[in-house]
file data-v2.csv (CSV, C-alpha atoms and all ligand atoms)
chain,number,residue,atom,x,y,z
A,1,MET,CA,3.0,-29.0,-3.0
A,2,SER,CA,4.8,-28.3,0.3
A,3,GLN,CA,3.3,-27.5,3.7
A,4,ILE,CA,4.6,-24.4,5.2
A,5,ARG,CA,4.1,-22.3,8.4
A,6,ALA,CA,2.0,-19.2,8.2
A,7,TYR,CA,-0.1,-16.9,10.3
A,8,GLY,CA,-3.8,-16.2,9.5
A,9,THR,CA,-7.4,-16.6,10.5
A,10,ALA,CA,-10.3,-19.0,9.7
A,11,ALA,CA,-13.0,-16.4,10.3
A,12,ALA,CA,-13.6,-12.6,10.5
A,13,SER,CA,-14.3,-12.8,14.3
A,14,GLN,CA,-11.1,-14.8,15.1
A,15,PRO,CA,-7.7,-13.3,15.9
A,16,LEU,CA,-4.8,-14.3,13.7
A,17,ALA,CA,-2.9,-17.5,14.8
A,18,PRO,CA,-0.4,-20.0,13.5
A,19,LEU,CA,-1.6,-22.2,10.7
A,20,SER,CA,-0.2,-24.4,8.0
A,21,ILE,CA,-0.7,-23.7,4.2
A,22,GLU,CA,0.3,-25.3,1.0
A,23,ARG,CA,2.6,-23.7,-1.6
A,24,ARG,CA,3.1,-25.1,-5.1
A,25,GLN,CA,6.5,-26.2,-6.1
A,26,PRO,CA,8.2,-23.6,-8.4
A,27,GLY,CA,7.1,-24.1,-12.0
A,28,PRO,CA,9.4,-23.2,-15.0
A,29,HIS,CA,8.7,-19.4,-14.6
A,30,ASP,CA,8.4,-19.3,-10.8
A,31,VAL,CA,10.7,-17.9,-8.1
A,32,ARG,CA,10.6,-19.3,-4.6
A,33,ILE,CA,11.3,-16.6,-2.0
A,34,ASP,CA,12.2,-17.0,1.6
A,35,ILE,CA,10.3,-14.2,3.3
A,36,ARG,CA,12.4,-12.0,5.6
A,37,TYR,CA,10.1,-9.1,6.3
A,38,CYS,CA,6.4,-8.3,5.6
A,39,GLY,CA,4.8,-4.9,6.2
A,40,VAL,CA,1.3,-4.6,7.8
A,41,CYS,CA,-1.1,-2.7,5.6
A,42,HIS,CA,-4.5,-1.5,6.7
A,43,SER,CA,-5.9,-3.7,3.8
A,44,ASP,CA,-4.6,-6.7,5.7
A,45,LEU,CA,-6.9,-5.8,8.6
A,46,HIS,CA,-9.9,-5.0,6.3
A,47,THR,CA,-9.4,-8.4,4.7
A,48,ALA,CA,-8.8,-10.5,7.8
A,49,ARG,CA,-12.0,-9.1,9.3
A,50,ASN,CA,-14.0,-9.4,6.0
A,51,GLU,CA,-14.7,-5.6,6.0
A,52,TRP,CA,-14.9,-5.6,2.2
A,53,ARG,CA,-17.2,-8.7,2.3
A,54,ASN,CA,-15.1,-10.7,-0.1
A,55,THR,CA,-12.6,-12.6,2.1
A,56,LEU,CA,-11.8,-16.3,1.4
A,57,TYR,CA,-10.9,-18.2,4.5
A,58,PRO,CA,-8.5,-19.3,5.7
A,59,CYS,CA,-7.0,-15.9,5.1
A,60,VAL,CA,-3.2,-15.3,5.3
A,61,PRO,CA,-2.6,-11.5,4.7
A,62,GLY,CA,0.6,-9.7,3.8
A,63,HIS,CA,1.5,-7.9,0.5
A,64,GLU,CA,4.6,-5.9,1.4
A,65,ILE,CA,7.1,-8.7,1.1
A,66,VAL,CA,10.9,-8.6,1.0
A,67,GLY,CA,12.9,-11.8,0.9
A,68,THR,CA,15.7,-13.8,-0.6
A,69,VAL,CA,15.4,-16.0,-3.7
A,70,ALA,CA,15.7,-19.6,-2.6
A,71,ALA,CA,15.1,-21.4,-5.9
A,72,VAL,CA,14.1,-20.5,-9.5
A,73,GLY,CA,12.3,-22.5,-12.2
A,74,ALA,CA,14.2,-23.7,-15.3
A,75,GLN,CA,13.1,-20.8,-17.5
A,76,VAL,CA,13.5,-17.9,-15.1
A,77,THR,CA,15.9,-15.3,-16.5
A,78,LYS,CA,15.7,-12.3,-14.2
A,79,PHE,CA,16.6,-13.8,-10.9
A,80,LYS,CA,18.9,-16.3,-9.2
A,81,PRO,CA,19.2,-17.8,-5.8
A,82,GLY,CA,20.5,-15.3,-3.2
A,83,ASP,CA,18.9,-12.2,-4.9
A,84,THR,CA,17.1,-9.8,-2.7
A,85,VAL,CA,13.6,-9.3,-4.1
A,86,GLY,CA,10.2,-7.9,-3.3
A,87,VAL,CA,6.5,-8.9,-4.0
A,88,GLY,CA,3.7,-6.4,-3.7
A,89,CYS,CA,-0.1,-6.7,-4.0
A,90,MET,CA,-0.3,-8.8,-7.2
A,91,VAL,CA,1.1,-12.2,-8.2
A,92,ASP,CA,-0.6,-12.7,-11.6
A,93,SER,CA,-2.8,-11.1,-14.3
A,94,CYS,CA,-4.1,-12.2,-17.7
A,95,GLN,CA,-1.2,-10.7,-19.6
A,96,HIS,CA,-3.2,-10.1,-22.8
A,97,CYS,CA,-5.9,-7.4,-22.1
A,98,ALA,CA,-5.3,-3.7,-22.9
A,99,SER,CA,-4.4,-2.8,-19.4
A,100,CYS,CA,-1.8,-5.6,-19.0
A,101,ALA,CA,-0.3,-4.7,-22.4
A,102,GLU,CA,0.2,-1.1,-21.1
A,103,GLY,CA,1.9,-2.4,-17.9
A,104,GLU,CA,-1.2,-1.5,-15.7
A,105,GLU,CA,-1.8,-5.0,-14.5
A,106,GLN,CA,-3.6,-3.7,-11.4
A,107,TYR,CA,-6.4,-2.8,-13.8
A,108,CYS,CA,-6.4,-6.2,-15.6
A,109,GLU,CA,-9.7,-6.5,-17.4
A,110,ASN,CA,-9.9,-10.1,-16.5
A,111,GLY,CA,-9.0,-9.4,-12.9
A,112,PHE,CA,-5.5,-9.6,-11.4
A,113,THR,CA,-4.6,-12.2,-8.8
A,114,GLY,CA,-4.0,-10.7,-5.4
A,115,THR,CA,-1.0,-11.8,-3.4
A,116,TYR,CA,-3.6,-12.9,-0.8
A,117,ASN,CA,-7.3,-13.4,-1.0
A,118,GLY,CA,-6.8,-14.0,-4.8
A,119,ARG,CA,-8.9,-16.4,-6.8
A,120,GLY,CA,-6.3,-17.4,-9.4
A,121,LYS,CA,-5.6,-21.0,-10.5
A,122,GLU,CA,-5.4,-21.5,-6.8
A,123,ASN,CA,-6.5,-19.3,-3.9
A,124,THR,CA,-3.6,-17.2,-2.7
A,125,TRP,CA,-2.0,-16.7,0.7
A,126,GLY,CA,0.2,-13.7,1.5
A,127,GLY,CA,3.4,-12.8,3.2
A,128,TYR,CA,2.6,-13.7,6.8
A,129,SER,CA,4.4,-17.0,5.9
A,130,GLU,CA,7.8,-18.7,5.5
A,131,HIS,CA,8.0,-18.4,1.8
A,132,ILE,CA,6.1,-17.7,-1.3
A,133,VAL,CA,6.2,-18.9,-5.0
A,134,VAL,CA,5.6,-16.2,-7.6
A,135,ASP,CA,5.9,-15.9,-11.4
A,136,GLU,CA,9.0,-13.9,-12.1
A,137,LYS,CA,7.0,-11.3,-13.9
A,138,PHE,CA,5.6,-10.2,-10.6
A,139,VAL,CA,8.9,-10.2,-8.7
A,140,LEU,CA,10.7,-6.9,-8.1
A,141,ARG,CA,14.4,-6.1,-7.8
A,142,ILE,CA,15.5,-4.4,-4.5
A,143,GLY,CA,18.4,-2.0,-4.9
A,144,HIS,CA,18.5,-0.7,-1.3
A,145,GLU,CA,21.3,-1.6,1.1
A,146,ALA,CA,21.0,-4.8,3.1
A,147,GLY,CA,20.5,-3.0,6.4
A,148,GLN,CA,17.4,-1.2,5.1
A,149,LEU,CA,15.4,-4.2,4.0
A,150,ALA,CA,12.8,-4.2,6.8
A,151,ALA,CA,12.0,-0.5,6.0
A,152,VAL,CA,11.9,-1.3,2.2
A,153,ALA,CA,9.0,-3.8,2.7
A,154,PRO,CA,6.2,-1.1,3.0
A,155,LEU,CA,7.3,0.4,-0.4
A,156,LEU,CA,5.7,-2.6,-2.1
A,157,CYS,CA,2.2,-1.4,-1.2
A,158,ALA,CA,2.2,1.9,0.7
A,159,GLY,CA,5.0,3.2,-1.6
A,160,ILE,CA,3.5,2.3,-5.0
A,161,THR,CA,0.0,3.2,-4.0
A,162,THR,CA,1.1,6.8,-3.3
A,163,TYR,CA,3.8,7.1,-6.0
A,164,SER,CA,1.5,6.1,-8.8
A,165,PRO,CA,-1.2,8.8,-8.4
A,166,LEU,CA,1.5,11.4,-7.5
A,167,ARG,CA,3.1,10.7,-10.9
A,168,HIS,CA,-0.1,10.3,-12.8
A,169,TRP,CA,-1.4,13.8,-11.6
A,170,GLY,CA,2.0,15.4,-12.1
A,171,ALA,CA,3.3,16.1,-8.6
A,172,GLY,CA,6.5,18.1,-8.9
A,173,PRO,CA,8.0,21.6,-8.8
A,174,GLY,CA,5.5,24.4,-8.8
A,175,LYS,CA,2.6,22.1,-7.7
A,176,LYS,CA,0.9,22.3,-4.3
A,177,VAL,CA,0.0,18.8,-3.2
A,178,GLY,CA,-2.0,17.8,-0.1
A,179,ILE,CA,-1.7,14.4,1.6
A,180,VAL,CA,-4.6,13.5,3.9
A,181,GLY,CA,-3.9,11.1,6.8
A,182,LEU,CA,-0.5,10.4,8.3
A,183,GLY,CA,-0.5,6.6,8.4
A,184,GLY,CA,1.3,4.0,6.4
A,185,LEU,CA,0.3,5.3,3.0
A,186,GLY,CA,0.2,9.0,4.0
A,187,HIS,CA,3.8,9.1,5.4
A,188,MET,CA,5.0,7.6,2.1
A,189,GLY,CA,3.0,10.1,0.2
A,190,VAL,CA,4.6,13.0,2.1
A,191,LYS,CA,8.1,11.6,1.5
A,192,LEU,CA,7.5,10.9,-2.2
A,193,ALA,CA,5.8,14.2,-3.0
A,194,HIS,CA,8.6,16.1,-1.3
A,195,ALA,CA,11.2,14.1,-3.2
A,196,MET,CA,9.4,14.9,-6.5
A,197,GLY,CA,9.8,18.6,-5.7
A,198,ALA,CA,6.2,19.5,-4.9
A,199,GLN,CA,5.1,21.9,-2.1
A,200,VAL,CA,3.6,19.4,0.4
A,201,VAL,CA,0.8,20.0,3.0
A,202,LEU,CA,-0.2,17.2,5.3
A,203,PHE,CA,-3.7,17.0,6.7
A,204,THR,CA,-4.1,15.1,10.0
A,205,THR,CA,-6.7,14.5,12.7
A,206,SER,CA,-3.8,13.9,15.1
A,207,PRO,CA,-2.2,17.1,16.5
A,208,GLY,CA,0.6,14.9,17.9
A,209,LYS,CA,1.9,14.1,14.4
A,210,GLN,CA,2.7,17.6,13.4
A,211,ALA,CA,6.4,17.5,14.1
A,212,ASP,CA,6.8,14.1,12.4
A,213,ALA,CA,5.1,15.4,9.3
A,214,LYS,CA,7.6,18.2,9.0
A,215,ARG,CA,10.5,15.9,9.6
A,216,LEU,CA,9.1,13.5,6.9
A,217,GLY,CA,9.0,16.4,4.3
A,218,ALA,CA,5.8,18.4,4.7
A,219,ASP,CA,6.2,22.1,4.2
A,220,ALA,CA,3.0,22.7,6.3
A,221,VAL,CA,0.6,20.7,8.5
A,222,VAL,CA,-3.1,21.4,8.8
A,223,ILE,CA,-5.3,19.9,11.6
A,224,SER,CA,-8.2,18.9,9.4
A,225,LYS,CA,-10.7,19.2,12.3
A,226,ASP,CA,-10.0,23.0,12.6
A,227,PRO,CA,-12.2,24.9,10.1
A,228,ALA,CA,-10.0,28.0,10.4
A,229,GLN,CA,-6.8,26.1,9.4
A,230,MET,CA,-8.7,24.5,6.5
A,231,ALA,CA,-10.1,27.8,5.3
A,232,ALA,CA,-6.7,29.3,5.0
A,233,HIS,CA,-6.0,26.9,2.1
A,234,ALA,CA,-9.3,27.3,0.2
A,235,GLY,CA,-9.0,27.0,-3.6
A,236,SER,CA,-5.2,26.5,-3.5
A,237,PHE,CA,-4.3,22.9,-4.2
A,238,ASP,CA,-3.4,21.3,-7.6
A,239,PHE,CA,-3.8,17.8,-6.2
A,240,ILE,CA,-4.8,16.1,-3.0
A,241,LEU,CA,-4.1,12.4,-2.2
A,242,ASN,CA,-6.6,11.1,0.4
A,243,THR,CA,-5.4,8.0,2.3
A,244,VAL,CA,-7.9,7.9,5.1
A,245,ALA,CA,-9.3,4.5,5.9
A,246,ALA,CA,-12.6,5.7,7.3
A,247,PRO,CA,-15.7,7.5,5.9
A,248,HIS,CA,-15.5,11.3,6.2
A,249,ASP,CA,-16.6,14.6,4.7
A,250,LEU,CA,-14.9,14.9,1.3
A,251,ASP,CA,-16.3,18.5,0.8
A,252,ALA,CA,-13.9,19.8,3.4
A,253,PHE,CA,-11.0,18.8,1.1
A,254,LEU,CA,-12.7,19.3,-2.3
A,255,SER,CA,-13.2,23.0,-1.5
A,256,LEU,CA,-9.4,23.3,-1.1
A,257,LEU,CA,-8.7,22.5,-4.7
A,258,LYS,CA,-8.0,25.1,-7.4
A,259,ARG,CA,-10.0,25.2,-10.6
A,260,ASP,CA,-9.3,21.9,-12.4
A,261,GLY,CA,-7.7,20.4,-9.3
A,262,THR,CA,-8.1,16.7,-8.5
A,263,MET,CA,-8.6,14.8,-5.3
A,264,CYS,CA,-7.6,11.2,-5.6
A,265,LEU,CA,-9.0,8.7,-3.1
A,266,VAL,CA,-6.8,5.7,-2.2
A,267,GLY,CA,-8.2,5.0,1.2
A,268,ALA,CA,-10.8,2.2,0.9
A,269,PRO,CA,-13.2,2.4,3.9
A,270,ALA,CA,-15.6,-0.5,4.6
A,271,THR,CA,-18.6,1.9,4.3
A,272,PRO,CA,-19.1,4.8,1.9
A,273,HIS,CA,-18.1,8.4,2.4
A,274,PRO,CA,-21.1,10.8,2.5
A,275,SER,CA,-21.7,12.0,-1.0
A,276,PRO,CA,-19.9,15.3,-1.8
A,277,THR,CA,-21.8,18.4,-2.9
A,278,VAL,CA,-22.0,18.5,-6.7
A,279,PHE,CA,-21.6,22.3,-6.7
A,280,ASN,CA,-18.2,21.9,-5.1
A,281,LEU,CA,-17.2,20.0,-8.3
A,282,ILE,CA,-19.0,21.9,-11.1
A,283,LEU,CA,-18.2,25.4,-10.1
A,284,LYS,CA,-14.5,24.9,-10.4
A,285,ARG,CA,-14.4,21.9,-12.8
A,286,ARG,CA,-12.8,19.9,-9.9
A,287,GLN,CA,-12.3,16.2,-10.2
A,288,LEU,CA,-12.8,13.4,-7.7
A,289,ALA,CA,-10.8,10.3,-8.7
A,290,GLY,CA,-9.4,7.0,-7.4
A,291,SER,CA,-6.3,4.9,-7.9
A,292,LEU,CA,-5.3,1.3,-7.2
A,293,ILE,CA,-1.7,0.4,-6.3
A,294,GLY,CA,0.5,0.5,-9.5
A,295,GLY,CA,1.7,-1.7,-12.3
A,296,ILE,CA,4.8,-3.9,-12.1
A,297,ARG,CA,6.9,-1.6,-14.3
A,298,GLU,CA,5.9,1.4,-12.2
A,299,THR,CA,6.5,-0.5,-9.0
A,300,GLN,CA,10.1,-1.2,-10.1
A,301,GLU,CA,10.5,2.5,-11.1
A,302,MET,CA,9.3,3.5,-7.6
A,303,LEU,CA,11.7,1.1,-5.9
A,304,ASP,CA,14.6,2.5,-8.0
A,305,PHE,CA,13.5,6.1,-7.3
A,306,CYS,CA,13.4,5.4,-3.6
A,307,ALA,CA,16.8,3.7,-3.7
A,308,ALA,CA,18.3,6.7,-5.6
A,309,HIS,CA,16.7,9.2,-3.1
A,310,GLY,CA,17.5,7.2,0.0
A,311,ILE,CA,13.8,6.8,0.8
A,312,VAL,CA,12.5,4.0,3.0
A,313,SER,CA,9.5,3.7,5.3
A,314,ASP,CA,9.5,4.7,9.0
A,315,ILE,CA,8.8,1.5,10.7
A,316,GLU,CA,8.3,-0.4,14.0
A,317,THR,CA,9.4,-4.0,13.7
A,318,ILE,CA,7.2,-6.5,15.4
A,319,ALA,CA,7.2,-10.2,16.1
A,320,MET,CA,4.7,-12.3,14.3
A,321,LYS,CA,2.8,-13.2,17.5
A,322,ASP,CA,2.1,-9.5,18.1
A,323,ILE,CA,0.1,-9.0,14.9
A,324,ASN,CA,-3.3,-8.8,16.7
A,325,THR,CA,-2.0,-6.0,19.0
A,326,ALA,CA,-0.6,-4.3,16.0
A,327,TYR,CA,-4.0,-4.3,14.3
A,328,GLU,CA,-5.6,-2.7,17.4
A,329,ARG,CA,-2.9,-0.1,17.5
A,330,MET,CA,-3.4,0.6,13.7
A,331,LEU,CA,-7.1,1.2,14.3
A,332,LYS,CA,-6.2,3.9,16.9
A,333,GLY,CA,-3.7,5.6,14.5
A,334,ASP,CA,-1.0,4.5,16.9
A,335,VAL,CA,1.7,3.5,14.4
A,336,LYS,CA,4.8,5.4,13.4
A,337,TYR,CA,4.3,4.8,10.6
A,338,ARG,CA,4.2,1.2,9.5
A,339,PHE,CA,4.5,-2.1,11.3
A,340,VAL,CA,6.8,-4.6,9.7
A,341,ILE,CA,6.9,-8.3,10.8
A,342,ASP,CA,10.3,-9.8,11.2
A,343,MET,CA,9.6,-13.3,9.7
A,344,ALA,CA,12.4,-14.9,11.6
A,345,THR,CA,9.9,-14.7,14.6
A,346,LEU,CA,7.3,-16.9,12.8
A,347,ASP,CA,8.4,-20.0,14.9
B,401,LIG,P1,-3.3,3.5,8.3
B,401,LIG,O1,-1.8,3.3,8.5
B,401,LIG,O2,-4.2,3.0,9.3
B,401,LIG,O3,-3.5,5.1,8.1
B,401,LIG,C1,-4.7,5.7,7.9
B,401,LIG,C2,-4.7,7.1,8.4
B,401,LIG,O4,-6.0,7.7,8.2
B,401,LIG,C3,-4.6,7.2,9.9
B,401,LIG,O5,-3.2,7.1,10.4
B,401,LIG,C4,-5.2,8.5,10.3
B,401,LIG,O6,-4.3,9.6,10.0
B,401,LIG,C5,-6.3,8.6,9.2
B,401,LIG,N1,-7.6,8.2,9.8
B,401,LIG,C6,-8.0,7.0,10.3
B,401,LIG,N2,-9.2,7.0,10.7
B,401,LIG,C7,-9.6,8.3,10.5
B,401,LIG,C8,-10.9,8.9,10.7
B,401,LIG,N3,-11.9,8.3,11.3
B,401,LIG,N4,-11.0,10.2,10.3
B,401,LIG,C9,-10.0,10.9,9.8
B,401,LIG,N5,-8.8,10.3,9.6
B,401,LIG,C10,-8.6,9.0,9.9
B,401,LIG,O7,-3.8,2.8,6.9
B,401,LIG,P2,-2.9,2.6,5.6
B,401,LIG,O8,-2.3,1.2,5.6
B,401,LIG,O9,-2.2,3.8,5.3
B,401,LIG,O10,-4.2,2.4,4.5
B,401,LIG,C11,-5.1,3.5,4.4
B,401,LIG,C12,-6.2,3.1,3.5
B,401,LIG,O11,-5.8,2.8,2.2
B,401,LIG,C13,-6.9,1.7,3.9
B,401,LIG,O12,-8.3,1.8,3.7
B,401,LIG,C14,-6.3,0.7,3.0
B,401,LIG,O13,-7.1,-0.4,2.8
B,401,LIG,C15,-6.3,1.6,1.7
B,401,LIG,N6,-5.3,1.1,0.7
B,401,LIG,C16,-5.7,1.3,-0.6
B,401,LIG,C17,-4.8,0.9,-1.6
B,401,LIG,C18,-5.1,1.3,-3.1
B,401,LIG,O14,-4.6,0.7,-3.9
B,401,LIG,N7,-6.0,2.2,-3.3
B,401,LIG,C19,-3.6,0.3,-1.3
B,401,LIG,C20,-3.3,0.1,0.0
B,401,LIG,C21,-4.1,0.5,1.0
B,401,LIG,P3,-4.2,10.9,11.0
B,401,LIG,O15,-3.9,10.4,12.4
B,401,LIG,O16,-3.0,11.6,10.4
B,401,LIG,O17,-5.5,11.6,10.8
B,402,ZN,ZN,-1.6,-2.7,1.1
call {"tool": "encode", "arguments": {"input": "data-v2.csv", "output": "structure tokens"}}
result
Amino acid sequence: MSQIRAYGTAAASQPLAPLSIERRQPGPHDVRIDIRYCGVCHSDLHTARNEWRNTLYPCVPGHEIVGTVAAVGAQVTKFKPGDTVGVGCMVDSCQHCASCAEGEEQYCENGFTGTYNGRGKENTWGGYSEHIVVDEKFVLRIGHEAGQLAAVAPLLCAGITTYSPLRHWGAGPGKKVGIVGLGGLGHMGVKLAHAMGAQVVLFTTSPGKQADAKRLGADAVVISKDPAQMAAHAGSFDFILNTVAAPHDLDAFLSLLKRDGTMCLVGAPATPHPSPTVFNLILKRRQLAGSLIGGIRETQEMLDFCAAHGIVSDIETIAMKDINTAYERMLKGDVKYRFVIDMATLD
């Protein structure tokens, strides 16, 4: 074990502050990564504040990690010291259930181990820290240029969480795809759906984000609070990806789907959405679905897709000590469009 510096909290009501955590020494299959950048996901905030009522304290969030390999175990074959790598939301899974066998470790039937707040062989702490030790199976290769690494970090969660459902439900040429919410996940959804060749419509509650949405790749922008703008798109979408982090009226979006269209929820509010109207589903055989991040193979595919298409996140880099202010700004929707912590500021 080694003691390292991190940033976290001992209770839901306390702000994040410096603390010390223990990391294991790398085992034969482990990679030790010096963390250079860590994105700030809304899930970090939900967890630090125990909004999902499952937080283990002390809690060190952070699951959008980019860094440099510092050391590898004797049997590691995929990585060597000096490699630029990423770690997303998972650091382990059972490796023998049907979901793991299919490369969908996020649906591991025995429960995957989260990068933070995980109950694995040891409780896990995330990327708001100096370094992390991870089994090489859960480490990703980064193909982007060195100057882009801060903006690559959010791909490890926001990127894969939007890429996976867009692929699963066939976003591409000839498909009309809606993205709800222009935050960390939503802005990646817009970029990725556009790169996949879909017609993209962004739904936002923030009129000030319209120009950005177009710049990011949306063909049209709808202010979701305006019933007339919503009605103009009734019955027209093949797929809607809903990233909103708060409970809201799902019917307003379900009624925009075509026959057989699907709305997939990825936003995970602390309290439930009001139940949608059943008739909105049955009269057009519409589907309401959910999706959780993505498997390791698909995360690598997403990173390679983004490197090939020149896609990174739009970020604001922050110092570690400014994390509590960043959380407050995230709650107000005041982030364009992902905060990324420069880990050199951890001192
Ligand atoms: P974020 O950056 O805070 O973005 C959320 C966006 O939702 C906001 O920018 C805002 O967009 C919209 N919004 C927020 N409150 C709203 C309200 N009351 N009514 C309507 N719209 C509202 O958060 P994020 O990091 O993208 O995460 C979004 C959610 O996804 C969180 O709940 C997070 O925990 C969850 N998540 C799920 C997965 C998964 O695997 N399923 C993975 C990662 C994160 P506008 O200003 O454009 O309206
Ligand atoms: Zn996340």
call {"tool": "residues_near_ligand", "arguments": {"input": "data-v2.csv", "ligand": "ligand ZN 402 (chain B)", "cutoff": "12 Å", "atoms": "only C-alpha atoms and all ligand atoms", "output": "JSON, numbers by chain"}}
result
{"A": [38, 39, 40, 41, 42, 43, 44, 45, 46, 47, 61, 62, 63, 64, 65, 87, 88, 89, 90, 114, 115, 116, 126, 127, 153, 154, 155, 156, 157, 158, 159, 160, 161, 162, 183, 184, 185, 243, 245, 266, 267, 268, 292, 293, 294, 338, 339]}
call {"tool": "atom_distance", "arguments": {"input": "data-v2.csv", "atom1": "atom O13 of ligand LIG 401 (chain B)", "atom2": "atom CA of Val139 of chain A"}}
result
22.0 Å
call {"tool": "closest_residue", "arguments": {"input": "data-v2.csv", "among": "A:Leu250, A:Leu256, A:Ala48, A:Ile341", "to": "Ser236 of chain A", "atoms": "only C-alpha atoms"}}
result
A:Leu256
call {"tool": "residues_near_point", "arguments": {"input": "data-v2.csv", "point": "(17.3, -24.4, -14.6)", "cutoff": "12 Å", "atoms": "only C-alpha atoms", "output": "CSV table (one decimal) with C-alpha atoms, in the coordinates of the input"}}
result
chain,number,residue,atom,x,y,z
A,26,PRO,CA,8.2,-23.6,-8.4
A,27,GLY,CA,7.1,-24.1,-12.0
A,28,PRO,CA,9.4,-23.2,-15.0
A,29,HIS,CA,8.7,-19.4,-14.6
A,30,ASP,CA,8.4,-19.3,-10.8
A,31,VAL,CA,10.7,-17.9,-8.1
A,71,ALA,CA,15.1,-21.4,-5.9
A,72,VAL,CA,14.1,-20.5,-9.5
A,73,GLY,CA,12.3,-22.5,-12.2
A,74,ALA,CA,14.2,-23.7,-15.3
A,75,GLN,CA,13.1,-20.8,-17.5
A,76,VAL,CA,13.5,-17.9,-15.1
A,77,THR,CA,15.9,-15.3,-16.5
A,79,PHE,CA,16.6,-13.8,-10.9
A,80,LYS,CA,18.9,-16.3,-9.2
A,81,PRO,CA,19.2,-17.8,-5.8
call {"tool": "residues_around", "arguments": {"input": "data-v2.csv", "residues": "Ala220 of chain A", "least_positions_apart": "6", "cutoff": "9 Å", "atoms": "all atoms listed in the file", "output": "compact mmCIF listing (two decimals) with C-alpha atoms, in the coordinates of the input"}}
result
# COMPACT_ATOMS: atom_id res chain seq x y z
CA GLN A 199 5.10 21.90 -2.10
CA VAL A 200 3.60 19.40 0.40
CA VAL A 201 0.80 20.00 3.00
CA LEU A 202 -0.20 17.20 5.30
CA PHE A 203 -3.70 17.00 6.70
CA GLN A 210 2.70 17.60 13.40
CA ALA A 213 5.10 15.40 9.30
CA LYS A 214 7.60 18.20 9.00
call {"tool": "closest_residue", "arguments": {"input": "data-v2.csv", "among": "A:Ile179, A:Leu281, A:Ala195, A:Val190", "to": "Phe237 of chain A", "atoms": "all atoms listed in the file"}}
result
A:Ile179
call {"tool": "residues_near_point", "arguments": {"input": "data-v2.csv", "point": "(-4.8, -19.9, -11.1)", "cutoff": "12 Å", "atoms": "only C-alpha atoms", "output": "list in words"}}
result
Arg24, Val91, Asp92, Ser93, Cys94, Gly111, Phe112, Thr113, Gly114, Thr115, Gly118, Arg119, Gly120, Lys121, Glu122, Asn123, Thr124, Val134 and Asp135 of chain A
call {"tool": "write_last_selection", "arguments": {"input": "data-v2.csv", "atoms": "C-alpha atoms", "output": "CSV table (one decimal), in the frame of the given file"}}
result
chain,number,residue,atom,x,y,z
A,24,ARG,CA,3.1,-25.1,-5.1
A,91,VAL,CA,1.1,-12.2,-8.2
A,92,ASP,CA,-0.6,-12.7,-11.6
A,93,SER,CA,-2.8,-11.1,-14.3
A,94,CYS,CA,-4.1,-12.2,-17.7
A,111,GLY,CA,-9.0,-9.4,-12.9
A,112,PHE,CA,-5.5,-9.6,-11.4
A,113,THR,CA,-4.6,-12.2,-8.8
A,114,GLY,CA,-4.0,-10.7,-5.4
A,115,THR,CA,-1.0,-11.8,-3.4
A,118,GLY,CA,-6.8,-14.0,-4.8
A,119,ARG,CA,-8.9,-16.4,-6.8
A,120,GLY,CA,-6.3,-17.4,-9.4
A,121,LYS,CA,-5.6,-21.0,-10.5
A,122,GLU,CA,-5.4,-21.5,-6.8
A,123,ASN,CA,-6.5,-19.3,-3.9
A,124,THR,CA,-3.6,-17.2,-2.7
A,134,VAL,CA,5.6,-16.2,-7.6
A,135,ASP,CA,5.9,-15.9,-11.4
call {"tool": "atom_distance", "arguments": {"input": "data-v2.csv", "atom1": "atom O16 of ligand LIG 401 (chain B)", "atom2": "atom CA of Gly310 of chain A"}}
result
23.4 Å
call {"tool": "residues_around", "arguments": {"input": "data-v2.csv", "residues": "Lys209 of chain A", "least_positions_apart": "2", "cutoff": "12 Å", "atoms": "all atoms listed in the file", "output": "MDAnalysis selection string"}}
result
chainID A and resid 181:183 186:187 202:207 211:216 218 220:223 333:337
call {"tool": "atom_distance", "arguments": {"input": "data-v2.csv", "atom1": "atom CA of Arg141 of chain A", "atom2": "atom CA of Gly86 of chain A"}}
result
6.4 Å
call {"tool": "residues_around", "arguments": {"input": "data-v2.csv", "residues": "Glu22 of chain A", "least_positions_apart": "6", "cutoff": "10 Å", "atoms": "only C-alpha atoms", "output": "list in words"}}
result
Met1, Ser2, Gln3, Ile4, Arg5, Ala6, Thr124, Trp125 and Ile132 of chain A
call {"tool": "residues_around", "arguments": {"input": "data-v2.csv", "residues": "Ala193 of chain A", "least_positions_apart": "2", "cutoff": "8 Å", "atoms": "only C-alpha atoms", "output": "PyMOL selection string"}}
result
chain A and resi 163+166+171-172+177+189-191+195-200
call {"tool": "residues_around", "arguments": {"input": "data-v2.csv", "residues": "Glu298 of chain A", "least_positions_apart": "2", "cutoff": "9 Å", "atoms": "all atoms listed in the file", "output": "PyMOL selection string"}}
result
chain A and resi 103-104+160+163-164+294-296+300-303
